[in-house]
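J.: Okay, so here is my_file00.cif, and as you'll see once you scroll down, it has mmCIF, N, CA and C atoms.
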```cif
data_query
loop_
_atom_site.label_atom_id
_atom_site.label_comp_id
_atom_site.auth_asym_id
_atom_site.auth_seq_id
_atom_site.Cartn_x
_atom_site.Cartn_y
_atom_site.Cartn_z
N MET A 1 15.96 -3.86 -2.43
CA MET A 1 15.49 -4.29 -3.72
C MET A 1 14.76 -3.12 -4.38
N GLU A 2 15.11 -2.82 -5.59
CA GLU A 2 14.49 -1.75 -6.37
C GLU A 2 13.06 -2.14 -6.78
N LEU A 3 12.21 -1.13 -7.01
CA LEU A 3 10.84 -1.37 -7.43
C LEU A 3 10.80 -2.20 -8.71
N SER A 4 11.69 -1.91 -9.63
CA SER A 4 11.71 -2.67 -10.90
C SER A 4 12.00 -4.15 -10.65
N GLU A 5 12.88 -4.44 -9.69
CA GLU A 5 13.19 -5.84 -9.36
C GLU A 5 12.00 -6.53 -8.70
N ILE A 6 11.32 -5.80 -7.83
CA ILE A 6 10.12 -6.34 -7.18
C ILE A 6 9.06 -6.65 -8.23
N MET A 7 8.84 -5.70 -9.14
CA MET A 7 7.83 -5.89 -10.19
C MET A 7 8.19 -7.08 -11.09
N GLU A 8 9.46 -7.25 -11.40
CA GLU A 8 9.90 -8.40 -12.20
C GLU A 8 9.57 -9.71 -11.51
N GLN A 9 9.86 -9.80 -10.21
CA GLN A 9 9.56 -11.01 -9.44
C GLN A 9 8.07 -11.29 -9.42
N LEU A 10 7.27 -10.25 -9.21
CA LEU A 10 5.82 -10.42 -9.15
C LEU A 10 5.26 -10.85 -10.50
N GLU A 11 5.76 -10.24 -11.56
CA GLU A 11 5.30 -10.61 -12.90
C GLU A 11 5.71 -12.04 -13.24
N PHE A 12 6.95 -12.40 -12.94
CA PHE A 12 7.45 -13.74 -13.23
C PHE A 12 6.61 -14.80 -12.50
N ASN A 13 6.19 -14.51 -11.28
CA ASN A 13 5.42 -15.44 -10.47
C ASN A 13 3.91 -15.27 -10.63
N GLU A 14 3.51 -14.44 -11.61
CA GLU A 14 2.10 -14.21 -11.93
C GLU A 14 1.29 -13.78 -10.70
N CYS A 15 1.86 -12.87 -9.94
CA CYS A 15 1.20 -12.38 -8.73
C CYS A 15 0.20 -11.28 -9.07
N ILE A 16 -0.78 -11.14 -8.21
CA ILE A 16 -1.78 -10.08 -8.34
C ILE A 16 -1.18 -8.82 -7.72
N VAL A 17 -1.38 -7.69 -8.38
CA VAL A 17 -0.93 -6.40 -7.84
C VAL A 17 -2.10 -5.43 -7.82
N PHE A 18 -2.02 -4.44 -6.93
CA PHE A 18 -3.04 -3.40 -6.87
C PHE A 18 -2.72 -2.37 -7.95
N ASP A 19 -3.71 -2.07 -8.79
CA ASP A 19 -3.53 -1.09 -9.85
C ASP A 19 -3.22 0.29 -9.28
N ASP A 20 -2.25 0.96 -9.88
CA ASP A 20 -1.91 2.34 -9.57
C ASP A 20 -1.46 2.58 -8.14
N LEU A 21 -0.95 1.55 -7.46
CA LEU A 21 -0.43 1.73 -6.11
C LEU A 21 1.03 1.30 -6.00
N GLU A 22 1.77 1.41 -7.12
CA GLU A 22 3.16 0.98 -7.14
C GLU A 22 4.01 1.69 -6.09
N ASP A 23 3.70 2.96 -5.81
CA ASP A 23 4.50 3.70 -4.84
C ASP A 23 4.34 3.17 -3.42
N ALA A 24 3.34 2.35 -3.18
CA ALA A 24 3.13 1.75 -1.86
C ALA A 24 3.65 0.32 -1.79
N LEU A 25 4.15 -0.19 -2.89
CA LEU A 25 4.68 -1.55 -2.94
C LEU A 25 6.03 -1.57 -2.23
N ILE A 26 6.16 -2.40 -1.19
CA ILE A 26 7.41 -2.41 -0.42
C ILE A 26 8.17 -3.72 -0.50
N GLY A 27 7.60 -4.74 -1.12
CA GLY A 27 8.32 -6.00 -1.23
C GLY A 27 7.44 -7.16 -1.62
N VAL A 28 7.95 -8.34 -1.37
CA VAL A 28 7.23 -9.58 -1.66
C VAL A 28 7.29 -10.48 -0.43
N THR A 29 6.37 -11.40 -0.34
CA THR A 29 6.40 -12.43 0.69
C THR A 29 6.23 -13.77 0.01
N CYS A 30 6.91 -14.75 0.52
CA CYS A 30 6.80 -16.08 -0.08
C CYS A 30 6.99 -17.14 1.00
N GLY A 31 6.36 -16.91 2.13
CA GLY A 31 6.49 -17.82 3.26
C GLY A 31 5.90 -19.19 3.01
N TRP A 32 4.71 -19.44 3.51
CA TRP A 32 4.08 -20.75 3.46
C TRP A 32 3.13 -20.89 2.28
N GLY A 33 3.50 -20.43 1.14
CA GLY A 33 2.62 -20.54 -0.01
C GLY A 33 3.16 -19.76 -1.18
N ASP A 34 2.24 -19.25 -1.97
CA ASP A 34 2.61 -18.51 -3.16
C ASP A 34 3.25 -17.17 -2.81
N MET A 35 4.11 -16.71 -3.69
CA MET A 35 4.67 -15.37 -3.55
C MET A 35 3.54 -14.36 -3.71
N ARG A 36 3.58 -13.31 -2.91
CA ARG A 36 2.56 -12.26 -2.98
C ARG A 36 3.23 -10.89 -2.86
N ALA A 37 2.60 -9.90 -3.46
CA ALA A 37 3.04 -8.51 -3.33
C ALA A 37 2.73 -8.03 -1.92
N VAL A 38 3.57 -7.15 -1.40
CA VAL A 38 3.36 -6.57 -0.07
C VAL A 38 3.31 -5.05 -0.20
N TYR A 39 2.22 -4.48 0.29
CA TYR A 39 2.01 -3.03 0.25
C TYR A 39 1.97 -2.46 1.66
N GLU A 40 2.36 -1.19 1.79
CA GLU A 40 2.31 -0.51 3.08
C GLU A 40 0.99 0.25 3.18
N TRP A 41 0.23 -0.03 4.21
CA TRP A 41 -1.11 0.53 4.40
C TRP A 41 -1.10 2.06 4.34
N GLY A 42 -0.26 2.70 5.13
CA GLY A 42 -0.24 4.16 5.18
C GLY A 42 0.10 4.81 3.86
N ARG A 43 1.00 4.20 3.12
CA ARG A 43 1.35 4.74 1.81
C ARG A 43 0.18 4.63 0.84
N CYS A 44 -0.57 3.55 0.93
CA CYS A 44 -1.77 3.41 0.08
C CYS A 44 -2.77 4.52 0.40
N ILE A 45 -2.99 4.77 1.68
CA ILE A 45 -3.91 5.82 2.10
C ILE A 45 -3.42 7.16 1.57
N GLU A 46 -2.13 7.41 1.70
CA GLU A 46 -1.54 8.66 1.22
C GLU A 46 -1.78 8.85 -0.27
N ILE A 47 -1.62 7.80 -1.05
CA ILE A 47 -1.83 7.90 -2.50
C ILE A 47 -3.26 8.32 -2.80
N PHE A 48 -4.22 7.70 -2.13
CA PHE A 48 -5.62 8.08 -2.36
C PHE A 48 -5.90 9.52 -1.94
N MET A 49 -5.25 9.97 -0.86
CA MET A 49 -5.45 11.34 -0.40
C MET A 49 -4.88 12.35 -1.39
N VAL A 50 -3.64 12.13 -1.79
CA VAL A 50 -2.95 13.10 -2.64
C VAL A 50 -3.42 13.01 -4.09
N ARG A 51 -3.43 11.80 -4.62
CA ARG A 51 -3.78 11.61 -6.03
C ARG A 51 -5.25 11.85 -6.30
N ASP A 52 -6.12 11.33 -5.41
CA ASP A 52 -7.55 11.37 -5.66
C ASP A 52 -8.30 12.42 -4.85
N GLY A 53 -7.58 13.17 -4.01
CA GLY A 53 -8.20 14.25 -3.25
C GLY A 53 -9.14 13.79 -2.15
N MET A 54 -8.96 12.57 -1.67
CA MET A 54 -9.82 12.06 -0.60
C MET A 54 -9.33 12.56 0.76
N THR A 55 -10.25 12.64 1.71
CA THR A 55 -9.85 12.90 3.09
C THR A 55 -9.23 11.63 3.65
N TYR A 56 -8.61 11.74 4.80
CA TYR A 56 -8.02 10.57 5.44
C TYR A 56 -9.09 9.51 5.68
N GLU A 57 -10.24 9.92 6.17
CA GLU A 57 -11.32 8.98 6.45
C GLU A 57 -11.84 8.32 5.18
N GLU A 58 -12.03 9.11 4.13
CA GLU A 58 -12.50 8.56 2.85
C GLU A 58 -11.49 7.57 2.28
N ALA A 59 -10.22 7.95 2.32
CA ALA A 59 -9.16 7.09 1.78
C ALA A 59 -9.07 5.78 2.56
N SER A 60 -9.17 5.86 3.89
CA SER A 60 -9.10 4.66 4.72
C SER A 60 -10.26 3.72 4.41
N GLU A 61 -11.46 4.28 4.36
CA GLU A 61 -12.64 3.46 4.08
C GLU A 61 -12.56 2.84 2.69
N HIS A 62 -12.20 3.65 1.71
CA HIS A 62 -12.09 3.16 0.34
C HIS A 62 -11.07 2.01 0.25
N PHE A 63 -9.90 2.23 0.85
CA PHE A 63 -8.85 1.21 0.78
C PHE A 63 -9.26 -0.07 1.49
N GLU A 64 -9.83 0.06 2.68
CA GLU A 64 -10.21 -1.12 3.46
C GLU A 64 -11.30 -1.93 2.77
N HIS A 65 -12.26 -1.26 2.13
CA HIS A 65 -13.38 -1.98 1.52
C HIS A 65 -13.13 -2.41 0.08
N ASN A 66 -12.39 -1.61 -0.67
CA ASN A 66 -12.26 -1.86 -2.11
C ASN A 66 -10.91 -2.44 -2.54
N THR A 67 -9.94 -2.38 -1.67
CA THR A 67 -8.61 -2.86 -2.06
C THR A 67 -8.12 -3.91 -1.09
N ALA A 68 -7.78 -3.52 0.11
CA ALA A 68 -7.23 -4.46 1.09
C ALA A 68 -8.24 -5.53 1.47
N GLY A 69 -9.52 -5.21 1.42
CA GLY A 69 -10.56 -6.17 1.80
C GLY A 69 -10.96 -7.13 0.71
N THR A 70 -10.29 -7.07 -0.43
CA THR A 70 -10.62 -7.93 -1.56
C THR A 70 -9.75 -9.19 -1.54
N TYR A 71 -10.38 -10.36 -1.64
CA TYR A 71 -9.63 -11.60 -1.76
C TYR A 71 -9.80 -12.12 -3.18
N ALA A 72 -8.67 -12.32 -3.86
CA ALA A 72 -8.71 -12.76 -5.26
C ALA A 72 -7.96 -14.07 -5.45
N GLY A 73 -7.83 -14.83 -4.39
CA GLY A 73 -7.15 -16.11 -4.48
C GLY A 73 -5.84 -16.11 -3.72
N PRO A 74 -5.08 -17.19 -3.86
CA PRO A 74 -3.86 -17.36 -3.06
C PRO A 74 -2.76 -16.35 -3.36
N LYS A 75 -2.85 -15.63 -4.45
CA LYS A 75 -1.82 -14.64 -4.77
C LYS A 75 -2.31 -13.22 -4.51
N THR A 76 -3.36 -13.08 -3.70
CA THR A 76 -3.86 -11.77 -3.31
C THR A 76 -2.76 -11.04 -2.53
N PRO A 77 -2.51 -9.77 -2.82
CA PRO A 77 -1.47 -9.03 -2.11
C PRO A 77 -1.71 -8.95 -0.60
N GLU A 78 -0.61 -8.81 0.12
CA GLU A 78 -0.63 -8.60 1.56
C GLU A 78 -0.51 -7.09 1.82
N VAL A 79 -1.09 -6.66 2.93
CA VAL A 79 -0.97 -5.27 3.35
C VAL A 79 -0.44 -5.27 4.77
N VAL A 80 0.62 -4.51 5.00
CA VAL A 80 1.19 -4.40 6.33
C VAL A 80 1.10 -2.95 6.79
N ASN A 81 1.04 -2.78 8.09
CA ASN A 81 1.03 -1.45 8.67
C ASN A 81 2.31 -1.28 9.46
N THR A 82 3.22 -0.47 8.94
CA THR A 82 4.51 -0.25 9.58
C THR A 82 4.48 0.93 10.54
N GLY A 83 3.31 1.55 10.68
CA GLY A 83 3.20 2.73 11.52
C GLY A 83 3.28 4.02 10.74
N TYR A 84 3.49 3.92 9.44
CA TYR A 84 3.52 5.11 8.60
C TYR A 84 2.12 5.68 8.54
N ASP A 85 1.96 6.93 8.93
CA ASP A 85 0.64 7.55 9.00
C ASP A 85 0.67 8.88 8.26
N PRO A 86 0.08 8.94 7.08
CA PRO A 86 0.13 10.17 6.30
C PRO A 86 -0.80 11.24 6.87
N GLU A 87 -0.36 12.45 6.77
CA GLU A 87 -1.19 13.59 7.13
C GLU A 87 -0.80 14.71 6.19
N VAL A 88 -1.75 15.29 5.50
CA VAL A 88 -1.45 16.34 4.55
C VAL A 88 -1.58 17.68 5.26
N THR A 89 -0.50 18.44 5.25
CA THR A 89 -0.51 19.76 5.87
C THR A 89 -1.13 20.76 4.90
N PRO A 90 -1.55 21.93 5.37
CA PRO A 90 -2.20 22.91 4.48
C PRO A 90 -1.39 23.29 3.25
N ASP A 91 -0.05 23.25 3.33
CA ASP A 91 0.74 23.62 2.17
C ASP A 91 0.93 22.48 1.18
N GLY A 92 0.31 21.33 1.48
CA GLY A 92 0.36 20.20 0.56
C GLY A 92 1.54 19.28 0.78
N CYS A 93 2.41 19.61 1.72
CA CYS A 93 3.55 18.74 2.02
C CYS A 93 3.09 17.58 2.89
N LEU A 94 3.66 16.44 2.66
CA LEU A 94 3.32 15.27 3.46
C LEU A 94 4.27 15.16 4.63
N LYS A 95 3.78 14.65 5.74
CA LYS A 95 4.66 14.41 6.87
C LYS A 95 4.28 13.11 7.54
N VAL A 96 5.22 12.55 8.24
CA VAL A 96 5.01 11.30 8.96
C VAL A 96 4.90 11.64 10.44
N TRP A 97 3.90 11.08 11.08
CA TRP A 97 3.71 11.31 12.50
C TRP A 97 4.45 10.27 13.29
N ASP A 98 5.11 10.69 14.35
CA ASP A 98 5.81 9.79 15.25
C ASP A 98 5.05 9.82 16.56
N ASP A 99 4.78 8.65 17.16
CA ASP A 99 4.02 8.59 18.41
C ASP A 99 4.59 9.52 19.48
N GLU A 100 5.88 9.72 19.44
CA GLU A 100 6.53 10.57 20.43
C GLU A 100 6.03 12.02 20.34
N TYR A 101 5.60 12.45 19.16
CA TYR A 101 5.22 13.85 18.96
C TYR A 101 3.71 14.07 18.86
N THR A 102 2.92 13.02 18.91
CA THR A 102 1.47 13.20 18.76
C THR A 102 0.78 13.17 20.09
#
```
Take the structure in this file and express it as structure tokens.

T.:
Amino acid sequence: MELSEIMEQLEFNECIVFDDLEDALIGVTCGWGDMRAVYEWGRCIEIFMVRDGMTYEEASEHFEHNTAGTYAGPKTPEVVNTGYDPEVTPDGCLKVWDDEYT
């Protein structure tokens, strides 16, 4: 499903979305209740690191306390951790760590 299709579904169902974290939006959930946006934890952290210049620790704390830790009702977005772990190398390129190599 394309991001535009996901956003259409969320808008149509009047779902809550995290501002400026569209690149971390990976889908929707509509199991036992209202449809909700689903974001990937590591991608959210990466956005704060790259866009806002935060360290990994700062981005994690900020996201956990100010975004993922916020409850705004039954349509509050879900956050999943798929194992994606951002790390910014000195040249500014992003890479994904695999448990096999760490």

J.: Could you tell me, as a list in words, which residues have any atom at most 10 Å from (6.1, -2.1, 8.8), counting only C-alpha atoms?

T.: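 Those residues lying close to the given coordinates are Ile26, Tyr39, Glu40, Trp41, Gly42, Val79, Val80, Asn81, Thr82, Gly83 and Tyr84 of chain A.
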
J.: To one decimal place in Å, what is the distance between atom CA of A:Asp19 and atom C of A:Gly31?

T.: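 Spanning atom CA of A:Asp19 to atom C of A:Gly31 is a straight-line distance of 24.1 Å.
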
J.: Figure out the distance between atom C of A:Glu61 and atom N of A:Glu8, please, to one decimal in Å.

T.: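 These atoms are spaced 28.0 Å apart.
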
J.: May I have the protein, DNA and RNA residues with any atom at most 7 Å from the point (1.6, -15.4, -2.1), counting only C-alpha atoms, written as a VMD selection string?

T.: chain A and resid 29 to 30 33 to 36 74 to 76

J.: As a PDB file with N, CA and C atoms, in the coordinates of the input, please: the residues near A:Ile47 (cut-off 8 Å, only C-alpha atoms, same-chain neighbours under 6 positions excluded).

T.:
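Output file around-v7.pdb follows:
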```
ATOM      1  N   LEU A  21      -0.950   1.550  -7.460  1.00  0.00           N
ATOM      2  CA  LEU A  21      -0.430   1.730  -6.110  1.00  0.00           C
ATOM      3  C   LEU A  21       1.030   1.300  -6.000  1.00  0.00           C
ATOM      4  N   ASP A  23       3.700   2.960  -5.810  1.00  0.00           N
ATOM      5  CA  ASP A  23       4.500   3.700  -4.840  1.00  0.00           C
ATOM      6  C   ASP A  23       4.340   3.170  -3.420  1.00  0.00           C
ATOM      7  N   ALA A  24       3.340   2.350  -3.180  1.00  0.00           N
ATOM      8  CA  ALA A  24       3.130   1.750  -1.860  1.00  0.00           C
ATOM      9  C   ALA A  24       3.650   0.320  -1.790  1.00  0.00           C
TER      10      ALA A  24
END
```
